[in-house]
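Structure data follow from query.cif (mmCIF, C-alpha atoms):
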```
data_data
loop_
_atom_site.label_atom_id
_atom_site.label_comp_id
_atom_site.auth_asym_id
_atom_site.auth_seq_id
_atom_site.Cartn_x
_atom_site.Cartn_y
_atom_site.Cartn_z
CA MET A 26 13.84 18.12 -12.70
CA GLN A 27 13.49 14.66 -14.21
CA PRO A 28 10.90 12.32 -12.65
CA LEU A 29 12.81 9.81 -10.52
CA ARG A 30 12.41 6.48 -8.77
CA LEU A 31 14.80 5.18 -6.11
CA PHE A 32 15.17 1.49 -5.41
CA HIS A 33 16.23 1.28 -1.78
CA TYR A 34 16.07 -0.78 1.38
CA TRP A 35 15.08 0.74 4.69
CA ARG A 36 18.10 -0.52 6.65
CA SER A 37 20.76 -0.10 3.93
CA SER A 38 23.06 2.72 5.00
CA SER A 39 23.91 3.54 1.37
CA SER A 40 20.18 3.89 0.66
CA TRP A 41 19.78 6.24 3.60
CA ARG A 42 22.57 8.48 2.21
CA VAL A 43 20.56 8.99 -1.00
CA ARG A 44 17.15 9.33 0.69
CA TRP A 45 18.72 12.03 2.86
CA ALA A 46 20.23 13.81 -0.15
CA LEU A 47 16.83 13.83 -1.87
CA ASP A 48 15.07 15.18 1.22
CA TYR A 49 17.77 17.79 1.92
CA LYS A 50 17.64 19.04 -1.65
CA LYS A 51 13.82 18.76 -1.73
CA ILE A 52 13.86 16.60 -4.85
CA ALA A 53 10.68 14.62 -5.45
CA CYS A 54 11.34 10.92 -5.95
CA GLU A 55 9.21 7.80 -5.93
CA LEU A 56 10.63 5.15 -3.58
CA GLN A 57 10.47 1.43 -4.24
CA ALA A 58 11.69 -1.02 -1.61
CA VAL A 59 13.93 -3.94 -2.59
CA SER A 60 14.45 -6.40 0.24
CA LEU A 61 18.02 -7.50 0.90
CA LEU A 62 16.77 -10.42 3.00
CA ASN A 63 14.16 -12.38 1.02
CA GLY A 64 16.14 -12.84 -2.20
CA GLU A 65 14.54 -9.88 -3.98
CA SER A 66 17.85 -8.03 -4.39
CA GLU A 67 19.40 -11.19 -5.89
CA SER A 68 16.58 -11.64 -8.42
CA ASP A 69 17.16 -11.33 -12.15
CA GLU A 70 14.84 -8.33 -12.10
CA HIS A 71 17.03 -6.44 -9.65
CA ARG A 72 20.33 -7.73 -11.12
CA ALA A 73 19.21 -6.11 -14.37
CA ARG A 74 19.09 -2.82 -12.45
CA ASN A 75 22.43 -3.41 -10.69
CA PRO A 76 24.59 -6.44 -11.56
CA LEU A 77 25.93 -6.51 -7.99
CA GLY A 78 22.39 -6.83 -6.63
CA TYR A 79 22.89 -3.83 -4.33
CA VAL A 80 20.81 -0.79 -3.51
CA PRO A 81 20.42 2.12 -4.00
CA VAL A 82 19.64 2.36 -7.71
CA LEU A 83 18.21 5.54 -9.18
CA GLU A 84 15.92 5.34 -12.20
CA ARG A 85 15.17 8.29 -14.46
CA LEU A 86 11.57 7.91 -15.60
CA ASP A 87 12.12 10.28 -18.53
CA ILE A 88 14.47 7.76 -20.19
CA HIS A 89 13.05 4.59 -21.67
CA ASP A 90 16.08 2.46 -22.43
CA SER A 91 18.63 0.72 -20.21
CA SER A 92 20.64 3.92 -19.73
CA ARG A 93 17.91 5.14 -17.35
CA LEU A 94 19.47 3.34 -14.35
CA LEU A 95 22.25 4.59 -12.08
CA SER A 96 23.88 2.57 -9.30
CA GLN A 97 26.30 3.59 -6.55
CA SER A 98 25.34 6.16 -3.94
CA THR A 99 28.21 8.57 -4.60
CA ALA A 100 27.55 8.65 -8.35
CA ILE A 101 23.89 9.35 -7.57
CA ALA A 102 24.74 12.11 -5.09
CA GLU A 103 27.20 13.82 -7.44
CA TRP A 104 24.59 13.75 -10.20
CA LEU A 105 21.83 15.12 -7.95
CA ASP A 106 24.18 17.91 -6.90
CA GLU A 107 25.07 18.75 -10.50
CA VAL A 108 21.52 18.92 -11.84
CA HIS A 109 19.96 20.37 -8.69
CA PRO A 110 22.55 22.69 -7.13
CA THR A 111 20.26 24.06 -4.41
CA SER A 112 21.45 22.94 -0.94
CA PRO A 113 24.74 21.66 -2.33
CA LEU A 114 26.39 18.59 -0.82
CA PHE A 115 29.74 19.20 -2.56
CA TRP A 116 30.33 22.88 -1.89
CA GLY A 117 33.16 25.36 -1.45
CA ASP A 118 36.29 25.67 -3.55
CA ALA A 119 37.85 22.70 -5.34
CA TRP A 120 40.09 21.79 -2.37
CA THR A 121 37.13 21.89 0.05
CA ARG A 122 35.10 19.67 -2.28
CA ALA A 123 38.08 17.32 -2.38
CA LYS A 124 38.09 17.18 1.43
CA ILE A 125 34.36 16.41 1.45
CA ARG A 126 34.92 13.55 -1.01
CA SER A 127 37.93 12.25 0.90
CA LEU A 128 36.01 12.02 4.19
CA ALA A 129 33.02 10.46 2.46
CA GLU A 130 35.21 7.78 0.87
CA ILE A 131 36.60 6.74 4.26
CA ILE A 132 33.05 5.49 4.80
CA SER A 133 31.81 4.66 1.31
CA ALA A 134 34.93 2.81 0.12
CA ASP A 135 36.91 1.77 3.20
CA THR A 136 34.25 1.01 5.81
CA GLN A 137 30.73 0.20 4.62
CA PRO A 138 31.60 -2.25 1.82
CA ILE A 139 33.74 -4.30 4.23
CA GLN A 140 30.97 -4.70 6.77
CA ASN A 141 28.30 -5.42 4.18
CA LEU A 142 26.08 -8.41 4.91
CA ASN A 143 27.43 -10.61 2.11
CA ILE A 144 31.03 -9.99 3.24
CA LEU A 145 30.17 -10.93 6.82
CA GLN A 146 28.48 -14.11 5.63
CA ARG A 147 31.38 -15.02 3.37
CA HIS A 148 33.84 -14.48 6.22
CA SER A 149 32.16 -16.74 8.75
CA ASN A 150 29.00 -18.67 9.59
CA ASP A 151 29.42 -17.75 13.25
CA PRO A 152 27.28 -14.72 14.18
CA ALA A 153 29.72 -13.78 16.97
CA GLU A 154 32.66 -13.73 14.57
CA GLN A 155 30.59 -11.78 12.02
CA LYS A 156 29.84 -9.19 14.68
CA LYS A 157 33.49 -9.02 15.74
CA TRP A 158 34.57 -8.41 12.12
CA ALA A 159 31.95 -5.70 11.66
CA GLN A 160 32.94 -4.04 14.93
CA GLU A 161 36.62 -4.01 14.02
CA PHE A 162 36.19 -2.47 10.59
CA ILE A 163 33.53 0.02 11.67
CA THR A 164 35.76 1.11 14.55
CA GLN A 165 38.76 1.42 12.24
CA GLY A 166 36.78 3.49 9.72
CA LEU A 167 35.14 5.78 12.26
CA ASN A 168 38.44 6.33 14.09
CA ALA A 169 40.02 7.36 10.80
CA PHE A 170 37.09 9.69 10.12
CA GLU A 171 37.43 11.20 13.62
CA ARG A 172 41.11 11.96 13.01
CA ALA A 173 40.59 13.28 9.48
CA ALA A 174 37.56 15.41 10.39
CA ALA A 175 39.54 17.05 13.22
CA MET A 176 41.28 19.02 10.46
CA THR A 177 38.12 20.06 8.57
CA SER A 178 35.14 20.17 10.92
CA GLY A 179 33.04 22.99 12.18
CA LYS A 180 29.50 22.26 13.21
CA PHE A 181 29.54 19.45 10.62
CA SER A 182 32.28 17.23 9.16
CA VAL A 183 33.50 20.02 6.89
CA GLY A 184 32.89 23.52 8.19
CA ASP A 185 29.45 24.64 9.27
CA GLU A 186 27.44 23.34 6.34
CA LEU A 187 26.07 19.87 5.78
CA SER A 188 27.93 17.92 3.11
CA TRP A 189 28.08 14.48 1.51
CA ALA A 190 30.65 13.57 4.19
CA ASP A 191 27.93 13.86 6.85
CA LEU A 192 25.44 11.94 4.73
CA CYS A 193 27.94 9.07 4.64
CA LEU A 194 29.00 9.37 8.28
CA ILE A 195 25.63 9.33 10.05
CA PRO A 196 24.24 6.18 8.38
CA GLN A 197 27.56 4.50 9.24
CA CYS A 198 27.03 5.55 12.89
CA TYR A 199 23.60 3.90 12.65
CA ASN A 200 25.34 0.71 11.50
CA ALA A 201 27.79 1.12 14.36
CA ALA A 202 24.91 1.14 16.83
CA ARG A 203 23.45 -2.01 15.24
CA PHE A 204 26.76 -3.79 15.91
CA ASP A 205 27.17 -2.31 19.43
CA VAL A 206 30.18 -0.19 18.47
CA GLN A 207 30.64 2.53 21.08
CA LEU A 208 31.38 6.08 19.95
CA ASP A 209 32.58 7.25 23.38
CA ALA A 210 36.17 7.61 22.20
CA MET A 211 35.03 9.70 19.23
CA PRO A 212 33.79 12.97 20.71
CA LEU A 213 33.89 14.83 17.40
CA LEU A 214 31.72 12.23 15.64
CA ARG A 215 29.28 12.33 18.59
CA ARG A 216 29.02 16.09 18.22
CA ILE A 217 28.46 15.92 14.44
CA LEU A 218 25.90 13.16 14.98
CA ASP A 219 24.03 15.31 17.49
CA ALA A 220 24.00 18.26 15.09
CA CYS A 221 22.77 16.13 12.19
CA GLU A 222 20.04 14.42 14.17
CA LEU A 223 18.37 17.80 14.65
CA LEU A 224 17.94 18.25 10.90
CA GLU A 225 14.52 17.60 9.41
CA SER A 226 16.09 15.91 6.35
CA CYS A 227 17.98 13.50 8.61
CA LYS A 228 14.82 12.57 10.47
CA SER A 229 12.59 12.27 7.40
CA SER A 230 15.05 9.93 5.64
CA HIS A 231 15.87 7.81 8.73
CA PRO A 232 15.60 4.02 8.37
CA SER A 233 12.95 3.86 11.10
CA ARG A 234 10.60 5.81 8.84
CA TYR A 235 10.85 3.10 6.19
CA GLU A 236 10.84 -0.04 8.31
CA PRO A 237 8.17 -2.39 6.93
CA LYS A 238 5.28 -2.84 9.29
CA PRO A 239 4.45 -6.48 10.09
CA MET B 23 49.27 24.37 -11.14
CA GLN B 24 50.26 23.84 -7.51
CA PRO B 25 53.49 21.92 -6.81
CA LEU B 26 52.51 18.39 -5.76
CA ARG B 27 53.90 15.28 -4.11
CA LEU B 28 52.24 11.87 -4.28
CA PHE B 29 52.81 9.22 -1.62
CA HIS B 30 52.29 5.92 -3.40
CA TYR B 31 53.32 2.29 -3.56
CA TRP B 32 54.32 0.65 -6.80
CA ARG B 33 51.98 -2.31 -6.51
CA SER B 34 48.97 -0.50 -4.98
CA SER B 35 46.20 -0.41 -7.58
CA SER B 36 44.76 2.79 -6.07
CA SER B 37 48.19 4.42 -6.42
CA TRP B 38 48.38 3.39 -10.06
CA ARG B 39 45.02 5.05 -10.72
CA VAL B 40 46.42 8.39 -9.56
CA ARG B 41 49.85 8.02 -11.23
CA TRP B 42 47.94 7.33 -14.45
CA ALA B 43 45.70 10.38 -14.00
CA LEU B 44 48.76 12.57 -13.46
CA ASP B 45 50.53 11.19 -16.55
CA TYR B 46 47.39 11.38 -18.71
CA LYS B 47 46.79 14.97 -17.72
CA LYS B 48 50.53 15.79 -17.91
CA ILE B 49 50.61 17.16 -14.38
CA ALA B 50 54.06 17.35 -12.83
CA CYS B 51 54.24 15.63 -9.46
CA GLU B 52 57.03 14.44 -7.19
CA LEU B 53 56.57 10.78 -6.22
CA GLN B 54 57.51 9.37 -2.83
CA ALA B 55 57.25 5.63 -2.20
CA VAL B 56 55.63 4.34 1.02
CA SER B 57 56.05 0.61 1.47
CA LEU B 58 52.96 -1.35 2.44
CA LEU B 59 55.11 -4.32 3.45
CA ASN B 60 57.84 -3.16 5.85
CA GLY B 61 55.64 -1.25 8.29
CA GLU B 62 56.27 2.16 6.70
CA SER B 63 52.60 2.70 5.85
CA GLU B 64 51.65 1.88 9.45
CA SER B 65 54.17 4.34 10.91
CA ASP B 66 53.07 7.41 12.87
CA GLU B 67 54.60 9.50 10.12
CA HIS B 68 52.35 8.01 7.45
CA ARG B 69 49.29 7.74 9.73
CA ALA B 70 49.59 11.51 10.14
CA ARG B 71 49.16 11.73 6.37
CA ASN B 72 46.31 9.21 6.26
CA PRO B 73 44.84 7.79 9.49
CA LEU B 74 44.00 4.54 7.67
CA GLY B 75 47.65 4.09 6.71
CA TYR B 76 46.76 3.71 3.04
CA VAL B 77 48.16 5.17 -0.15
CA PRO B 78 47.78 7.20 -2.30
CA VAL B 79 48.02 10.52 -0.48
CA LEU B 80 48.47 13.76 -2.40
CA GLU B 81 50.35 16.64 -0.80
CA ARG B 82 50.11 20.22 -2.00
CA LEU B 83 53.52 21.79 -1.48
CA ASP B 84 52.06 25.29 -1.67
CA ILE B 85 50.18 24.76 1.61
CA HIS B 86 52.12 24.61 4.85
CA ASP B 87 49.59 23.37 7.40
CA SER B 88 47.82 20.04 7.86
CA SER B 89 45.20 20.89 5.23
CA ARG B 90 47.85 20.24 2.54
CA LEU B 91 47.14 16.48 2.51
CA LEU B 92 44.44 14.66 0.53
CA SER B 93 43.69 10.93 0.79
CA GLN B 94 41.46 8.66 -1.32
CA SER B 95 42.11 8.17 -4.99
CA THR B 96 38.69 9.31 -6.21
CA ALA B 97 38.84 12.55 -4.24
CA ILE B 98 42.31 13.15 -5.70
CA ALA B 99 41.15 12.41 -9.25
CA GLU B 100 38.09 14.66 -8.99
CA TRP B 101 40.29 17.49 -7.69
CA LEU B 102 42.89 17.03 -10.43
CA ASP B 103 40.08 17.13 -12.99
CA GLU B 104 38.58 20.29 -11.51
CA VAL B 105 41.81 22.28 -11.33
CA HIS B 106 43.36 20.87 -14.50
CA PRO B 107 40.50 20.25 -16.95
CA THR B 108 42.74 19.31 -19.91
CA SER B 109 42.31 15.61 -20.83
CA PRO B 110 39.25 15.28 -18.56
CA LEU B 111 38.56 12.02 -16.73
CA PHE B 112 34.96 12.97 -15.83
CA TRP B 113 33.62 14.26 -19.12
CA GLY B 114 30.37 14.56 -21.04
CA ASP B 115 27.01 15.71 -19.72
CA ALA B 116 25.99 15.20 -16.09
CA TRP B 117 24.42 11.79 -16.77
CA THR B 118 27.55 10.58 -18.59
CA ARG B 119 29.74 11.75 -15.71
CA ALA B 120 27.41 9.88 -13.37
CA LYS B 121 27.90 6.70 -15.42
CA ILE B 122 31.68 7.15 -15.28
CA ARG B 123 31.51 7.48 -11.48
CA SER B 124 29.15 4.54 -11.14
CA LEU B 125 31.45 2.19 -13.06
CA ALA B 126 34.49 3.46 -11.17
CA GLU B 127 32.79 2.80 -7.83
CA ILE B 128 32.13 -0.82 -8.74
CA ILE B 129 35.92 -1.12 -8.48
CA SER B 130 36.87 1.58 -5.97
CA ALA B 131 34.14 0.82 -3.39
CA ASP B 132 32.87 -2.69 -4.06
CA THR B 133 35.93 -4.60 -5.27
CA GLN B 134 39.38 -3.26 -4.39
CA PRO B 135 38.76 -2.49 -0.68
CA ILE B 136 37.47 -6.03 -0.12
CA GLN B 137 40.56 -7.68 -1.60
CA ASN B 138 42.96 -5.32 0.14
CA LEU B 139 45.92 -6.99 1.88
CA ASN B 140 44.78 -6.21 5.43
CA ILE B 141 41.31 -7.63 4.74
CA LEU B 142 42.79 -10.84 3.35
CA GLN B 143 45.02 -11.18 6.41
CA ARG B 144 42.15 -10.50 8.80
CA HIS B 145 40.00 -13.10 7.03
CA SER B 146 42.46 -15.98 7.21
CA ASN B 147 46.06 -16.95 7.92
CA ASP B 148 45.90 -19.52 5.15
CA PRO B 149 47.36 -18.17 1.89
CA ALA B 150 45.15 -20.50 -0.17
CA GLU B 151 42.01 -19.20 1.53
CA GLN B 152 43.23 -15.61 1.14
CA LYS B 153 43.67 -16.21 -2.57
CA LYS B 154 40.24 -17.83 -2.86
CA TRP B 155 38.61 -14.83 -1.15
CA ALA B 156 40.44 -12.39 -3.44
CA GLN B 157 39.51 -14.40 -6.53
CA GLU B 158 35.83 -14.49 -5.57
CA PHE B 159 35.47 -10.77 -4.92
CA ILE B 160 37.58 -9.70 -7.88
CA THR B 161 35.53 -11.98 -10.15
CA GLN B 162 32.28 -10.65 -8.70
CA GLY B 163 33.40 -7.05 -9.20
CA LEU B 164 34.75 -7.50 -12.70
CA ASN B 165 31.68 -9.47 -13.78
CA ALA B 166 29.50 -6.61 -12.54
CA PHE B 167 31.69 -4.13 -14.42
CA GLU B 168 31.44 -6.24 -17.59
CA ARG B 169 27.65 -6.20 -17.40
CA ALA B 170 27.38 -2.52 -16.54
CA ALA B 171 29.91 -1.41 -19.15
CA ALA B 172 27.98 -3.28 -21.85
CA MET B 173 25.51 -0.39 -21.66
CA THR B 174 28.08 2.44 -21.82
CA SER B 175 31.20 1.28 -23.62
CA GLY B 176 32.71 2.24 -26.91
CA LYS B 177 36.42 1.86 -27.34
CA PHE B 178 36.73 2.45 -23.58
CA SER B 179 34.44 1.82 -20.59
CA VAL B 180 32.32 4.85 -21.42
CA GLY B 181 32.25 5.81 -25.07
CA ASP B 182 35.43 6.34 -27.04
CA GLU B 183 37.31 8.49 -24.55
CA LEU B 184 39.39 7.41 -21.59
CA SER B 185 37.72 8.13 -18.25
CA TRP B 186 38.18 7.55 -14.53
CA ALA B 187 36.26 4.27 -14.98
CA ASP B 188 39.14 2.91 -17.08
CA LEU B 189 41.72 4.17 -14.62
CA CYS B 190 39.98 2.13 -11.92
CA LEU B 191 39.34 -0.92 -14.12
CA ILE B 192 42.82 -1.58 -15.52
CA PRO B 193 44.70 -1.59 -12.18
CA GLN B 194 41.99 -3.97 -10.90
CA CYS B 195 42.69 -6.23 -13.89
CA TYR B 196 46.35 -6.11 -12.84
CA ASN B 197 45.30 -7.30 -9.37
CA ALA B 198 43.18 -9.97 -11.05
CA ALA B 199 46.27 -11.30 -12.81
CA ARG B 200 48.22 -11.35 -9.54
CA PHE B 201 45.53 -13.62 -8.05
CA ASP B 202 45.20 -15.78 -11.20
CA VAL B 203 41.69 -14.57 -12.02
CA GLN B 204 40.93 -15.35 -15.65
CA LEU B 205 39.23 -12.70 -17.79
CA ASP B 206 38.24 -15.15 -20.55
CA ALA B 207 34.55 -14.83 -19.71
CA MET B 208 34.79 -11.04 -19.86
CA PRO B 209 35.40 -10.19 -23.52
CA LEU B 210 34.46 -6.55 -23.14
CA LEU B 211 36.95 -6.00 -20.31
CA ARG B 212 39.64 -7.76 -22.35
CA ARG B 213 38.95 -5.40 -25.23
CA ILE B 214 39.08 -2.28 -23.01
CA LEU B 215 42.25 -3.60 -21.39
CA ASP B 216 43.86 -4.07 -24.80
CA ALA B 217 42.90 -0.53 -25.83
CA CYS B 218 44.23 0.98 -22.60
CA GLU B 219 47.52 -0.90 -22.68
CA LEU B 220 48.39 0.90 -25.91
CA LEU B 221 48.24 4.29 -24.19
CA GLU B 222 51.49 5.94 -23.24
CA SER B 223 50.00 7.18 -19.92
CA CYS B 224 49.03 3.62 -19.03
CA LYS B 225 52.53 2.34 -19.72
CA SER B 226 54.36 5.19 -18.00
CA SER B 227 52.33 4.80 -14.79
CA HIS B 228 52.41 0.96 -14.74
CA PRO B 229 53.53 -0.71 -11.49
CA SER B 230 56.44 -2.40 -13.25
CA ARG B 231 57.97 1.03 -13.83
CA TYR B 232 58.05 1.68 -10.10
CA GLU B 233 59.06 -1.70 -8.74
CA PRO B 234 62.01 -1.22 -6.37
CA LYS B 235 65.21 -2.69 -7.73
CA PRO B 236 66.95 -5.07 -5.33
#
```
Take the structure from the file and write it as structure tokens.
Amino acid sequence: MQPLRLFHYWRSSSSWRVRWALDYKKIACELQAVSLLNGESESDEHRARNPLGYVPVLERLDIHDSSRLLSQSTAIAEWLDEVHPTSPLFWGDAWTRAKIRSLAEIISADTQPIQNLNILQRHSNDPAEQKKWAQEFITQGLNAFERAAAMTSGKFSVGDELSWADLCLIPQCYNAARFDVQLDAMPLLRRILDACELLESCKSSHPSRYEPKP
Amino acid sequence: MQPLRLFHYWRSSSSWRVRWALDYKKIACELQAVSLLNGESESDEHRARNPLGYVPVLERLDIHDSSRLLSQSTAIAEWLDEVHPTSPLFWGDAWTRAKIRSLAEIISADTQPIQNLNILQRHSNDPAEQKKWAQEFITQGLNAFERAAAMTSGKFSVGDELSWADLCLIPQCYNAARFDVQLDAMPLLRRILDACELLESCKSSHPSRYEPKP
């Protein structure tokens, strides 16, 4: 396996997805924090890693030119799964893998990007209106996931094995809690959340483990 | 190949991505229009296909239960590529495929969902402010793509072969034109756009071919 470094932020849900994938697949990776709050992610240094200024970014330390960097959590996860197939996150036959990707995209394309900090700030200066926006789109996304997963779930979002769909869902549930979104009307998501929270790889990659100490 | 039906909308950029993939790979598929404007996409009938009420949705006609439906354009494209590898959209070694996915996600996760019609309408009732929002996020996304593709491009976004990154980029450029976003400061994207517009599969899947006649 190539030596790796992950640029991440403790509270970024997309960063958690990748930390979790690394821990689940037992892939060694150096972590480097990039703050989303103090301007670090907007710096030229980080923009050279990812023009959008987002995390996560994966760096391959065995490559020494600009092609060493990879942005976007799903691209990172698909690559990790291809080069390190143990504990697969995209498993089963082609149609099952498609279902895993479809569920994951409800979160990674149609929920998280819309409740991202810079979107909230662009929408309104009023913290109450920012929260309302986040609550609405998180609720919409999780409700859609609840309905879609009803057709695929077992113990986890798809069948009885952990998949990339779960690694997108649970960090989004963490964001939901931050914005006081209640999951009471989503019994299936609650059950998947409970199952995931028992996993060592979920615990070891959890944002609370990476929160900077004052 | 399984018999297929695609629920799409002529002007939806995500629908165009999939129409293009089908035409490029020469996969036969029945098309069924779902209007995003007259309430059809919000109907119970369409929500049963996709709880978010979005298009595209792919239906496998060889399956007769609820598992026959697949939402999300990237999940559809990855599946089409797995079961019909001719004219691949995710090609090359694992790192190259990762780069294709990373570029595609700049559009599919961090640009298009944020300038989606329902987001614009939720943000503001003022058409001028809606347009300003769309222009800002499309410009941000395309600028990021321009910078990222500078490290991967040949004739197309990645090397000299068409990939899923192009099939996400060009429909986003179409949206850019709708919102009067200028691409003058993005010479690389202009060049890729010119190369793509010569392709028969780009022309045959273009929104203008599917615009309802009055």
Discussion item. Residues within 9 Å of (50.1, 24.4, -9.5), file coordinates, counting all atoms listed in the file: what are they? Give the list as a PyMOL selection string.
Written reply: chain B and resi 23-26+49-50+82+84+105
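Rounded to one decimal, atom CA of A:Trp116 and atom CA of B:Ile98 lie 15.9 Å from each other.
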Worksheet item: Quick one: which residues from chain A are at most 7 Å off chain B, using all atoms listed in the file, as a list of chain:residue names?
Response: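 Output check: A:Pro76, A:Leu77, A:Ser92, A:Leu95, A:Ser96, A:Gln97, A:Ala100, A:Ile101, A:Trp104, A:Glu107, A:Ala119, A:Trp120, A:Ala123, A:Lys124, A:Arg126, A:Ser127, A:Glu130, A:Ser133, A:Ala134, A:Asp135, A:Pro138, A:Ile139, A:His148, A:Ala169, A:Arg172, A:Ala173, A:Met176.
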Fill in: For stretch 192-201 of chain A: contacts at 8 Å, only C-alpha atoms, fewer than 3 positions along chain excluded, given as a list in words
Ser38, Ser39, Trp41, Arg42, Trp45, Ala46, Ala129, Ile132, Ser133, Gln137, Gln160, Ile163, Thr164, Ser188, Trp189, Phe204, Asp205, Val206, Gln207, Leu218 and Cys221 of chain A
Worksheet, complete the sentence: Of A:Val183, A:Ile217, A:Cys54, A:Leu62, the one sitting nearest A:Leu142 when using only C-alpha atoms is A:Leu62
Worksheet item: Quick one: which residues end up in the PyMOL selection byres ((chain B and resi 29) around 8) for this structure, as a list in words?
Response: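 That selection, the PyMOL selection byres ((chain B and resi 29) around 8), comes back as Arg27, Leu28, His30, Tyr31, Leu53, Gln54, Ala55, Val56, Val77, Pro78, Val79, Leu80 and Glu81 of chain B.
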Worksheet item: If you measure from atom CA of B:Gln152 to atom CA of B:Leu58, what distance in Å do you get, rounded to one decimal?
Response: 17.3 Å
Practice prompt. Could you state which residues are captured by the PyMOL selection byres ((chain A and resi 48) around 9) in this file, as number ranges by chain?
Written response: A: 43-47, 49-53, 225-227, 229-230
Worksheet item: What is the distance, in Å and to one decimal place, between atom CA of B:His86 and atom CA of A:Pro113?
Response: 28.5 Å
Item to complete: Translate the PyMOL selection byres ((chain B and resi 32) around 7), as applied to the file shown, into an explicit residue set as a list of chain:residue names.
Response: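 Going through the file, the PyMOL selection byres ((chain B and resi 32) around 7) ends up selecting B:His30, B:Tyr31, B:Arg33, B:Ser34, B:Pro229, B:Tyr232, B:Glu233.
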Worksheet item: Skipping near chain neighbours, those fewer than 6 positions away, what residues fall within 12 Å of B:Lys177 using all atoms listed in the file, listed as a PyMOL selection string?
Response: chain B and resi 171+183-185+188+210-218
Written record: stretch 106-158 of chain B, C-alpha atoms, as an mmCIF file, in the first residue's frame:
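Writing the result to selection.cif gives the following:
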```
data_model
loop_
_atom_site.group_PDB
_atom_site.id
_atom_site.type_symbol
_atom_site.label_atom_id
_atom_site.label_comp_id
_atom_site.auth_asym_id
_atom_site.auth_seq_id
_atom_site.Cartn_x
_atom_site.Cartn_y
_atom_site.Cartn_z
ATOM 1 C CA HIS B 106 -21.362 -2.612 -20.470
ATOM 2 C CA PRO B 107 -17.603 -1.961 -20.479
ATOM 3 C CA THR B 108 -17.414 -0.961 -24.172
ATOM 4 C CA SER B 109 -16.518 2.754 -24.535
ATOM 5 C CA PRO B 110 -15.649 3.030 -20.824
ATOM 6 C CA LEU B 111 -16.336 6.252 -18.927
ATOM 7 C CA PHE B 112 -14.157 5.277 -15.940
ATOM 8 C CA TRP B 113 -10.998 4.046 -17.600
ATOM 9 C CA GLY B 114 -7.274 3.765 -16.978
ATOM 10 C CA ASP B 115 -5.550 2.580 -13.823
ATOM 11 C CA ALA B 116 -7.120 3.018 -10.382
ATOM 12 C CA TRP B 117 -5.510 6.438 -9.830
ATOM 13 C CA THR B 118 -6.736 7.694 -13.221
ATOM 14 C CA ARG B 119 -10.261 6.479 -12.457
ATOM 15 C CA ALA B 120 -10.006 8.301 -9.131
ATOM 16 C CA LYS B 121 -9.084 11.517 -10.967
ATOM 17 C CA ILE B 122 -12.063 11.077 -13.304
ATOM 18 C CA ARG B 123 -14.378 10.674 -10.305
ATOM 19 C CA SER B 124 -12.820 13.606 -8.464
ATOM 20 C CA LEU B 125 -13.359 15.993 -11.384
ATOM 21 C CA ALA B 126 -16.886 14.703 -11.917
ATOM 22 C CA GLU B 127 -17.756 15.293 -8.263
ATOM 23 C CA ILE B 128 -16.691 18.934 -8.476
ATOM 24 C CA ILE B 129 -19.755 19.234 -10.719
ATOM 25 C CA SER B 130 -22.079 16.501 -9.457
ATOM 26 C CA ALA B 131 -21.666 17.202 -5.717
ATOM 27 C CA ASP B 132 -20.292 20.716 -5.351
ATOM 28 C CA THR B 133 -21.866 22.658 -8.221
ATOM 29 C CA GLN B 134 -25.057 21.317 -9.787
ATOM 30 C CA PRO B 135 -26.975 20.476 -6.570
ATOM 31 C CA ILE B 136 -26.374 24.007 -5.255
ATOM 32 C CA GLN B 137 -27.802 25.689 -8.352
ATOM 33 C CA ASN B 138 -30.733 23.311 -8.606
ATOM 34 C CA LEU B 139 -34.127 24.953 -9.165
ATOM 35 C CA ASN B 140 -35.546 24.110 -5.729
ATOM 36 C CA ILE B 141 -32.461 25.531 -3.998
ATOM 37 C CA LEU B 142 -32.722 28.773 -5.960
ATOM 38 C CA GLN B 143 -36.403 29.065 -5.062
ATOM 39 C CA ARG B 144 -35.748 28.335 -1.394
ATOM 40 C CA HIS B 145 -32.991 30.952 -1.313
ATOM 41 C CA SER B 146 -35.012 33.839 -2.717
ATOM 42 C CA ASN B 147 -38.223 34.811 -4.479
ATOM 43 C CA ASP B 148 -36.332 37.431 -6.456
ATOM 44 C CA PRO B 149 -35.332 36.136 -9.911
ATOM 45 C CA ALA B 150 -32.337 38.503 -10.020
ATOM 46 C CA GLU B 151 -31.026 37.159 -6.712
ATOM 47 C CA GLN B 152 -31.677 33.582 -7.854
ATOM 48 C CA LYS B 153 -29.619 34.250 -10.966
ATOM 49 C CA LYS B 154 -26.827 35.864 -8.946
ATOM 50 C CA TRP B 155 -26.658 32.822 -6.639
ATOM 51 C CA ALA B 156 -26.560 30.427 -9.604
ATOM 52 C CA GLN B 157 -23.876 32.489 -11.334
ATOM 53 C CA GLU B 158 -21.687 32.554 -8.226
#
```
